[in-house]
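Scroll down for the structure; my scribbles are underneath it.
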Amino acid sequence: MLEVKDLHVNIGDKKVLKGVDLQLDHDETFILFGPNGSGKTSLLMTIMGFGGYEVVQGSIYLNGEDVTHMPIYERARRGIGMSFQRPPTINGLKTRNMVELCAGENEVDVDALAEEVNLQDFLDRDVNSGFSGGELKRSELLQLLAQKPELVLFDEPESGVDLENMALIGKMVRRLLEQDLQPQPDKSMKEQKNQRKTSGLIITHTGHILDYINADRGMVMYNGVLCCAARPRDILEHVREYGYEECVKCLK
C-alpha cells in the first residue's frame with residue numbers, strides 16, 4: 001500500500017529526514033519509536049503532504065501511484081487519514097459539519113458514530129474549541145471513522161489522554177485498523193489477518209497503544225534515520241531499559 005523510497009526532507013535549511021525507506025502492506029500496523037526531535041512527526045507530515053516539508057530527494061507511493069508532490073486533499077481522497085498530536089481549533093465550523101465533510105460520499109450516521117466515541121454532546125460546538133486532551137483525540141477519531149481511510153497515520157494517540165479515555169481511544173483505534181483481538185476459532189490467524197484492509201503507521205512514546213492493538217512491525221527513528229527493526233514490544237522493553245543510546249550504536 002505505502003512505499004517510501006530514499007526520502008530526504010528539509011524544513012527550511014534543516015535536514016529532518018535522511019534517506020528513509022519504508023513499506024507497509026494493506027494488512028499491516030507499523031509502530032514508530034524515537035526520541036523527541038528525531039523526525040517521526042516530519043515523516044507523517046510529509047506522507048500527508050503538509051507544506052513546509054520539502055522533499056529534496058526520494059518518492060512516496062500509495063497503491064503504486066506517486067503521490068510525492070500531490071496536495072493534501074488529493075492524498076485524502078486516495079485514502080490517507082491522519083490523527084495529529086495537537087490538532088488545531090477551527091472556529092466557525094461545527095464538529096457535525098466537519099464530520100460530514102470527512103465522510104464525503106460515505107454513508108455515515110454522524111450521531112451514531114459520535115455516540116460510539118462519547119462525543120454526541122460536542123457535535124454542535126466548534127471543532128476542538130475548548131476540548132480536553134481526551135476530547136481532542138475522540139474528535140479526531142470521529143472524523144477518521146467517517147472518512148474510512150485505507151492508511152491511517154497516528155501521531156502519538158496517547159498524548160494528553162488520561163487512563164479512562166485511553167481505553168475508549170484504544171478501542172476506536174483498533175476499530176479503525178479493522179482489528180479484532182478476539183480469536184475466531186473457525187479461521188486461521190493468517191486468514192484473520194488477511195481480512196484487514198486498513199494500514200496504520202503509529203508514533204508512540206509510552207507504548208500504551210500496544211495494549212489495545214496488534215502491531216506487526218516496529219522501528220526506531222533517530223536523527224532522521226530509521227533503524228533497529230524488531231517486534232514492537234521488544235523495542236519498547238529495550239528502550240525502557242536502555243534508552244535510545246543502543247540505537248546510536250546501530251547507526252554507527
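Chain labels follow the order of the C-alpha cells: the first chain is A, the next B, and so on; residue numbering restarts at 1 in every chain, and ligands are counted from 1 in their shown order.
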Exercise. Which residues come within 12 Å of Ser129 of chain A, counting only C-alpha atoms, excluding same-chain residues fewer than 3 positions away, as number ranges by chain?
Worked result: A: 87-95, 122-126, 132-133, 135-136, 139
Please tabulate, as a Markdown table, the residues of segment 8-38 of chain A that come within 10 Å of segment 152-155 of chain A, each with its closest pair of atoms and the distance in Å to one decimal, counting only C-alpha atoms and ordering rows by chain, then residue number upward.
| residue | atom | partner | partner_atom | distance |
| --- | --- | --- | --- | --- |
| A:Thr29 | CA | A:Val152 | CA | 9.3 |
| A:Phe30 | CA | A:Leu153 | CA | 9.8 |
| A:Ile31 | CA | A:Phe154 | CA | 9.6 |
| A:Leu32 | CA | A:Asp155 | CA | 9.5 |
Just the selected residues (C-alpha atoms), exported as a PDB file, in the first residue's frame, please.
ATOM      1  CA  THR A  29       0.236  -1.884  11.507  1.00  0.00           C
ATOM      2  CA  PHE A  30       3.663  -0.328  11.915  1.00  0.00           C
ATOM      3  CA  ILE A  31       4.902   1.267  15.164  1.00  0.00           C
ATOM      4  CA  LEU A  32       7.481   4.050  15.061  1.00  0.00           C
TER       5      LEU A  32
END
For this session: Based on DSSP run over this structure's backbone, return all residues of segment 106-224 of chain A in strand (DSSP E), as a list in words.
Result: Asp126, Val127, Leu151, Val152, Leu153, Phe154, Asp155, Ser199, Gly200, Leu201, Ile202, Ile203, Arg217, Gly218, Met219, Val220, Met221 and Tyr222 of chain A
Just-selected residues, C-alpha atoms written as a compact mmCIF listing (two decimals), in the first residue's frame:
# COMPACT_ATOMS: atom_id res chain seq x y z
CA ASP A 126 -16.77 24.49 17.03
CA VAL A 127 -14.16 21.90 16.07
CA LEU A 151 -3.99 4.29 5.55
CA VAL A 152 -4.18 5.95 8.97
CA LEU A 153 -1.30 7.99 10.37
CA PHE A 154 -1.37 8.40 14.16
CA ASP A 155 0.93 10.92 15.84
CA SER A 199 -2.89 0.01 7.30
CA GLY A 200 -1.64 2.02 10.25
CA LEU A 201 1.56 3.97 10.89
CA ILE A 202 1.67 4.91 14.57
CA ILE A 203 4.10 7.08 16.51
CA ARG A 217 6.40 -4.42 12.89
CA GLY A 218 8.34 -1.65 14.57
CA MET A 219 11.40 0.52 14.04
CA VAL A 220 13.20 3.37 15.74
CA MET A 221 13.81 6.74 14.15
CA TYR A 222 16.90 8.55 15.35
Exercise. Taking into account only C-alpha atoms, which residue in the set A:Val225, A:Arg77, A:Leu101, A:Gln143 is nearest to Leu43 of chain A?
Worked result: A:Val225
For this session: Find the spatial neighbours of Phe33 of chain A, counting only C-alpha atoms, within a cut-off of 12 Å - ignore same-chain residues fewer than 3 positions away - and output them as a VMD selection string.
Result: chain A and resid 30 36 to 41 155 to 156 201 to 207 217 to 240 243 to 244 247
